[in-house]
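Everything on this sheet refers to the single structure shown next.
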Amino acid sequence: MRLRNSNKTKRFNSGADVDISDSEQAALSGQDHDLSDEEFVVDAKQLSDQDEHDVDLQQSSDFDLQDGKSSVSGRKKNKRSWAPDRPFGEVQPYPTDTAQKWTRTYVGPVKRWTRLSYLIDYWFGDKEARKYTFHFFLNLWWDFELLPPKLLQDSLQSNMARNGWMPDSFIQDQEDKFHLWYLKFLSTRSIPQISTLIDEAKAFRYYLPKAEGEMSVLLGHASSQKEYYIKQGESISFSDSGLSVEDDGDQEPQNGGWLLDVGGIVLSMGWAPAKGQVDQLLATAVIPHSDQAFYKDLNDAPKASELGGGSIQIWKFEAYKDSKGVFRPARSPPKLSHAVCCYWGRVTRMQWCPVLLPSNSPIRLLAMLCGDGNLRVVEIKQNLGSDNKGTFEEIQVPMVTIESPKEHTLEINCFTWINMNRIAVALSDGSVVVWSISPCLQLQRHPIHSSPIMDIVSSYPSSPYMVATMPMGGEFTVTDLNRPTAETTYHGNPLVSLQPNVVTWSDHLGGFASIWPTSFPGTSTISFVQSRVFPLSRHICTVEGQTTCLALGICHPYLLAGSSDGSVWILNVMRKMASHREKTHKLKLFQHEYRPPAHVKAAEEEAERVARRGACRILHGFKPEVNIHPLGTRIPKQSRIKRNKVEKKKAGKRKAENPDGEESDDPTGMDEDSFVMVSGPIIIHEPLTRITALSWNPNIEFSWWAAAAMGSGLVRVMDLGIDKDQGSSEQHGAQTEPGNLDDMAVDDESGEGEGEGEGEGEGEGEGEGEGEDENGDEDVDMTAYD
């Protein structure tokens, strides 16, 4: 084909530009284009350069863009970029697009479909050997989807799980600094801690809750449960089958944990950090049931000044080492080792000092928030609970008292340890105050929220001065207290939180797990936010009822979630975060139900002479469930427009479609517009059915021990670890060279939209096959979890 000389230097661009925004595309489509050829004439040299640039982009591999290399790939170009277009250490510019309808959305470089290798660079860009360390974590916990493995003492896996991102000498350095700091400052202070020992009768009369009578407990399999009776201070040792060890059919059943009755509602709970083979100490802040009882007339409810003193119960659980070198629960029942009593009101929150101390350490520090709104730090001496009877200590003058500012109606709502000598307290006006223990003085106060702060969590040990705060109403916020004015960010999704214990930190993943707003009131959503990409949340799981407490492992990435319906769930957060397209599972550990005693006449109750506190039923043995985001119930709806169209039809046409004269109401023949998604049924449970507190053991030798407190006054201590031999341990956690992290993530080129993997996209198209039944539940082999 011959061209004119005047057209040899002209080129026609007939292709559409797909890289423009939606607003620009709409603007171009609305313009009155000139139909002359001059509009399409472009410079040939400029277009040639542009075509060569487009070809280079299509042929460049998404694996090599980060290193500046290019390789030929036959893959079709994807509109989503896998590789980052900016260095990891560079701060992304603020979005200034005028077409953006709101500025509270995250538009940073990390997307929900970002590959795992790049995701590690974004999450842990400031860590040395980040890919090797994270790959070690994946090999250690990837194959254990639901329950954590049991690690041998002083093994490579246990050391890596305990240290995490910290150096190997961190634990020993903290121990040395703690002893030096205590001997130099705390032991020589001018006003020492003053306390006296009291007898048991006085302690239960003024400080400890007293539950009269016994409670009926149903344990075992749902088809054959057995009834037990338990009183305050008593316990039941149960096996893996859920029954008592004495009633188990096995010849030598192993103790799987204890069921303990503390006689009240546990508001806060925590294991004492310790090193080596030592009896484990569990501290619980318990209040009487009468403090949260229902009163028809509010004038009959006790006032705050009438509640009396508070207490913290410290229970001791014995353990033994088996032939494989793994610590297991002993047959002996737990004992009340120590009771800390005070007259400053009920103890609402308590936390141990996070420094790991050896078993022969003479003292430990415990912080408790009292009913008068002040925070007090007391020292717990180890030799007090050495005998079998236990001791009751009345604190008259604490070691340190942290008072709220002298302002009207201002008090401390919650607190968190930053390190051994720093505590961050959150006030009812939305501000955070950093205090020093020795010397006891206020270092800084910074306003963060405009509503009371309900929970505050520190990022100890990797970033101790970075704290996350959950307000009563507002945005979930993270603040670096080293530079609180500049280094702060929040998630733009507002939420409402009315209780503590709903925020927890994972040092292995470098992020926070917290409650999240949901569209359906019958379910509660839990999400994960990484500290370096805080505005981008990732869905973890959805539980029935309202989430009441959360707990992430100190030495592993497994999450415990308690609900208002009495259920406790567990899942592997690392596996959920590593690939948003892969199907994961969650497991319901047990279900707790409480029924109050029936109301009887006073004469009959006195004639019976046996006080009943109600009945509890604990169900277990649930199958794993696919961890997807439920969308509610799909029901048919009657559209007004379609109903009017049907009424206009002739009777003859209706008879032709339905000769029998009966109208069909089968919803399967309707289209998608005839359906609507509504929330499922909302069940209101007894208030004492709920799970009030959860806690993982922070000690690496017992890191698979967990405690769950129920509103009925029962505390269930469980050994959740999975046994594995040393060969399997070496196979999963002792690799010296990290493999290809891209193989751990699922290639999802066919995905659409940013919300992919959340909701229906996560559970569809992947679970169809031989491994599912007709209800869509996957048939999972439970032998690995026995």
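Simple scheme: letters A, B, ... for chains in structure tokens order, numbers from 1 for residues in each chain, numbers from 1 for ligands in the order shown.
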Can you tell me, as a count of residues only, which residues in range 361-524 of chain A count as helix (DSSP H, G or I) by DSSP? 4
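For Asn360 in chain A, the set of protein, DNA and RNA residues having any atom at most 10 Å away, when counting only C-alpha atoms and skipping those fewer than 6 positions along the same chain, is Ala274, Lys275, Gly276, Val278, Gln382 and Asn383 of chain A.
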Next, the residues of the selection above should be written as a tab-separated table (two decimals), in the first residue's frame with N, CA and C atoms.
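Okay, this is what ended up in result02.tsv:
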```tsv
chain	number	residue	atom	x	y	z
A	274	ALA	N	7.96	-16.13	83.83
A	274	ALA	CA	8.99	-16.86	84.57
A	274	ALA	C	9.78	-17.71	83.58
A	275	LYS	N	10.99	-18.05	83.97
A	275	LYS	CA	11.88	-18.87	83.15
A	275	LYS	C	12.16	-20.20	83.85
A	276	GLY	N	12.30	-21.25	83.05
A	276	GLY	CA	12.68	-22.54	83.60
A	276	GLY	C	11.50	-23.35	84.09
A	278	VAL	N	9.20	-24.33	86.63
A	278	VAL	CA	8.67	-23.74	87.85
A	278	VAL	C	7.15	-23.84	87.80
A	382	GLN	N	8.11	-13.96	96.48
A	382	GLN	CA	7.96	-15.36	96.10
A	382	GLN	C	7.83	-16.29	97.29
A	383	ASN	N	8.45	-15.97	98.40
A	383	ASN	CA	8.46	-16.90	99.53
A	383	ASN	C	7.17	-16.87	100.34
```
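Each of A:Ala161, A:Val326, A:Leu259, A:Leu208 was checked against Gly309 in chain A using only C-alpha atoms; the smallest atom-to-atom distance is that of A:Leu208.
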Nearest to Asn163 in chain A, chosen from A:His556, A:Lys184, A:Lys321, A:Arg328, with only C-alpha atoms counted in the distances: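 The answer is A:His556, which sits nearest to Asn163 in chain A.
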Please list as a PyMOL selection string every residue within 8 Å of Trp344 in chain A, counting only C-alpha atoms and excluding residues in the same chain fewer than 6 positions away. chain A and resi 308-310+370-372
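Of the listed residues (A:Leu714, A:Leu243, A:Val425, A:Val626), A:Leu714 comes nearest to Ala211 in chain A; the distances count only C-alpha atoms.
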Counting only C-alpha atoms, what are the residues of range 472-552 of chain A within 10 Å of range 579-585 of chain A, and for each of them which pair of atoms is the nearest and at what distance in Å, to one decimal? Sort the table by chain and rising number, as JSON lines.
```
{"residue": "A:Arg538", "atom": "CA", "partner": "A:His580", "partner_atom": "CA", "distance": 8.7}
{"residue": "A:His539", "atom": "CA", "partner": "A:His580", "partner_atom": "CA", "distance": 9.1}
{"residue": "A:Ile540", "atom": "CA", "partner": "A:His580", "partner_atom": "CA", "distance": 9.8}
{"residue": "A:Cys541", "atom": "CA", "partner": "A:His585", "partner_atom": "CA", "distance": 9.3}
```
Can I get the selection written as a PDB file, in the first residue's frame, with C-alpha atoms?
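Result file follows (part31.pdb):
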```
ATOM      1  CA  ARG A 538      -7.446  -7.412  57.319  1.00  0.00           C
ATOM      2  CA  HIS A 539     -10.320  -9.628  58.349  1.00  0.00           C
ATOM      3  CA  ILE A 540      -9.374 -12.444  60.757  1.00  0.00           C
ATOM      4  CA  CYS A 541     -12.623 -14.125  61.703  1.00  0.00           C
TER       5      CYS A 541
END
```
Go ahead and compute the interatomic distance for CA of Lys150 in chain A and CA of Gly721 in chain A, in Å to one decimal.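 Between CA of Lys150 in chain A and CA of Gly721 in chain A the gap is 5.2 Å.
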Using only C-alpha atoms, which protein or nucleic acid residues come within 10 Å of Trp142 in chain A? Drop anything in the same chain fewer than 2 positions from it, and give the result as a PyMOL selection string. chain A and resi 135-140+144-146+148+572+574-576+578+732-733+744
So which residues touch range 433-436 of chain A within 9 Å, counting only C-alpha atoms, skipping near sequence neighbours fewer than 5 positions away, as JSON, numbers by chain? {"A": [402, 418, 421, 422, 423, 424, 425, 426, 427, 441, 442, 443, 444, 445, 446, 447, 481]}
Could the residues in this selection be saved with all heavy atoms as a CSV table (one decimal), in the first residue's frame?
```csv
chain,number,residue,atom,x,y,z
A,402,ILE,N,0.1,5.8,91.3
A,402,ILE,CA,0.0,6.7,90.2
A,402,ILE,C,-1.4,7.2,90.2
A,402,ILE,O,-2.4,6.5,90.0
A,402,ILE,CB,0.3,5.9,88.9
A,402,ILE,CG1,1.7,5.4,88.8
A,402,ILE,CG2,0.0,6.8,87.7
A,402,ILE,CD1,2.0,4.6,87.6
A,418,ILE,N,5.1,-0.2,79.5
A,418,ILE,CA,6.0,0.1,78.4
A,418,ILE,C,7.3,-0.7,78.6
A,418,ILE,O,7.8,-1.3,77.6
A,418,ILE,CB,6.2,1.6,78.3
A,418,ILE,CG1,4.9,2.3,78.0
A,418,ILE,CG2,7.2,1.9,77.2
A,418,ILE,CD1,5.0,3.8,77.9
A,421,ASN,N,10.2,0.2,83.9
A,421,ASN,CA,10.2,1.5,84.6
A,421,ASN,C,9.3,2.5,84.0
A,421,ASN,O,9.3,3.7,84.4
A,421,ASN,CB,11.6,2.1,84.7
A,421,ASN,CG,11.7,3.2,85.8
A,421,ASN,OD1,11.0,3.1,86.8
A,421,ASN,ND2,12.6,4.1,85.6
A,422,ARG,N,8.4,2.1,83.1
A,422,ARG,CA,7.5,3.1,82.4
A,422,ARG,C,6.1,2.4,82.3
A,422,ARG,O,6.0,1.2,81.9
A,422,ARG,CB,8.0,3.5,81.0
A,422,ARG,CG,9.3,4.2,81.0
A,422,ARG,CD,9.1,5.6,81.6
A,422,ARG,NE,10.4,6.4,81.4
A,422,ARG,CZ,11.3,6.5,82.3
A,422,ARG,NH1,11.3,5.8,83.4
A,422,ARG,NH2,12.4,7.2,82.0
A,423,ILE,N,5.1,3.2,82.6
A,423,ILE,CA,3.7,2.7,82.5
A,423,ILE,C,2.9,3.8,81.8
A,423,ILE,O,3.0,5.0,82.2
A,423,ILE,CB,3.1,2.4,83.9
A,423,ILE,CG1,3.7,1.2,84.5
A,423,ILE,CG2,1.6,2.2,83.7
A,423,ILE,CD1,3.1,0.7,85.8
A,424,ALA,N,2.2,3.5,80.8
A,424,ALA,CA,1.3,4.4,80.1
A,424,ALA,C,-0.2,4.2,80.6
A,424,ALA,O,-0.7,3.0,80.5
A,424,ALA,CB,1.4,4.2,78.6
A,425,VAL,N,-0.8,5.2,81.1
A,425,VAL,CA,-2.2,5.2,81.6
A,425,VAL,C,-3.0,6.0,80.7
A,425,VAL,O,-2.6,7.0,80.1
A,425,VAL,CB,-2.2,5.7,83.0
A,425,VAL,CG1,-1.4,4.8,83.9
A,425,VAL,CG2,-1.8,7.1,83.1
A,426,ALA,N,-4.3,5.5,80.4
A,426,ALA,CA,-5.3,6.2,79.6
A,426,ALA,C,-6.3,6.7,80.5
A,426,ALA,O,-6.9,6.0,81.4
A,426,ALA,CB,-5.9,5.2,78.6
A,427,LEU,N,-6.7,8.0,80.2
A,427,LEU,CA,-7.6,8.7,81.1
A,427,LEU,C,-9.0,8.7,80.5
A,427,LEU,O,-9.2,8.4,79.3
A,427,LEU,CB,-7.1,10.1,81.4
A,427,LEU,CG,-5.7,10.2,82.0
A,427,LEU,CD1,-5.3,11.7,82.2
A,427,LEU,CD2,-5.6,9.4,83.3
A,441,LEU,N,7.0,9.9,88.9
A,441,LEU,CA,6.7,11.3,88.4
A,441,LEU,C,6.1,11.1,87.0
A,441,LEU,O,6.3,10.1,86.3
A,441,LEU,CB,7.9,12.2,88.4
A,441,LEU,CG,9.1,11.8,87.7
A,441,LEU,CD1,9.1,12.2,86.2
A,441,LEU,CD2,10.3,12.5,88.3
A,442,GLN,N,5.3,12.1,86.6
A,442,GLN,CA,4.7,12.1,85.3
A,442,GLN,C,5.6,12.7,84.3
A,442,GLN,O,6.2,13.8,84.4
A,442,GLN,CB,3.4,13.0,85.3
A,442,GLN,CG,2.7,13.1,84.0
A,442,GLN,CD,1.4,14.0,84.1
A,442,GLN,OE1,0.7,13.9,85.1
A,442,GLN,NE2,1.1,14.7,83.0
A,443,LEU,N,5.8,12.0,83.2
A,443,LEU,CA,6.8,12.4,82.1
A,443,LEU,C,6.1,13.2,81.0
A,443,LEU,O,6.6,14.2,80.6
A,443,LEU,CB,7.5,11.2,81.5
A,443,LEU,CG,8.3,10.3,82.5
A,443,LEU,CD1,8.9,9.2,81.8
A,443,LEU,CD2,9.3,11.2,83.2
A,444,GLN,N,5.0,12.8,80.5
A,444,GLN,CA,4.3,13.5,79.5
A,444,GLN,C,2.8,13.1,79.5
A,444,GLN,O,2.4,12.1,80.0
A,444,GLN,CB,4.9,13.2,78.1
A,444,GLN,CG,4.7,11.7,77.7
A,444,GLN,CD,5.1,11.4,76.3
A,444,GLN,OE1,4.5,12.0,75.4
A,444,GLN,NE2,6.1,10.6,76.1
A,445,ARG,N,2.0,14.0,78.9
A,445,ARG,CA,0.6,13.8,78.7
A,445,ARG,C,0.2,14.3,77.3
A,445,ARG,O,0.5,15.4,77.0
A,445,ARG,CB,-0.2,14.5,79.8
A,445,ARG,CG,-1.7,14.3,79.7
A,445,ARG,CD,-2.5,15.1,80.8
A,445,ARG,NE,-3.9,15.0,80.6
A,445,ARG,CZ,-4.8,15.6,81.4
A,445,ARG,NH1,-4.4,16.4,82.4
A,445,ARG,NH2,-6.1,15.4,81.2
A,446,HIS,N,-0.5,13.4,76.6
A,446,HIS,CA,-0.8,13.7,75.2
A,446,HIS,C,-2.2,13.4,74.9
A,446,HIS,O,-2.7,12.3,75.2
A,446,HIS,CB,0.1,12.9,74.3
A,446,HIS,CG,0.0,13.3,72.8
A,446,HIS,ND1,0.4,14.5,72.3
A,446,HIS,CD2,-0.6,12.6,71.8
A,446,HIS,CE1,0.2,14.5,71.0
A,446,HIS,NE2,-0.5,13.4,70.7
A,447,PRO,N,-3.0,14.4,74.3
A,447,PRO,CA,-4.4,14.1,74.0
A,447,PRO,C,-4.4,13.3,72.7
A,447,PRO,O,-3.8,13.6,71.7
A,447,PRO,CB,-5.0,15.5,73.8
A,447,PRO,CG,-3.8,16.4,73.5
A,447,PRO,CD,-2.6,15.8,74.1
A,481,LEU,N,4.9,7.2,71.3
A,481,LEU,CA,5.1,8.1,72.4
A,481,LEU,C,6.4,8.8,72.4
A,481,LEU,O,6.6,9.8,73.2
A,481,LEU,CB,4.8,7.4,73.8
A,481,LEU,CG,3.4,6.8,74.0
A,481,LEU,CD1,3.3,6.1,75.3
A,481,LEU,CD2,2.4,7.9,73.9
```
Given only C-alpha atoms as the counted atoms, nearest of A:Asp507, A:Glu475, A:Asp168, A:Asp429 to Ser462 in chain A: A:Asp507
Expressed in Å, the length from CA of Ile395 in chain A to CA of Trp315 in chain A is 18.3 Å
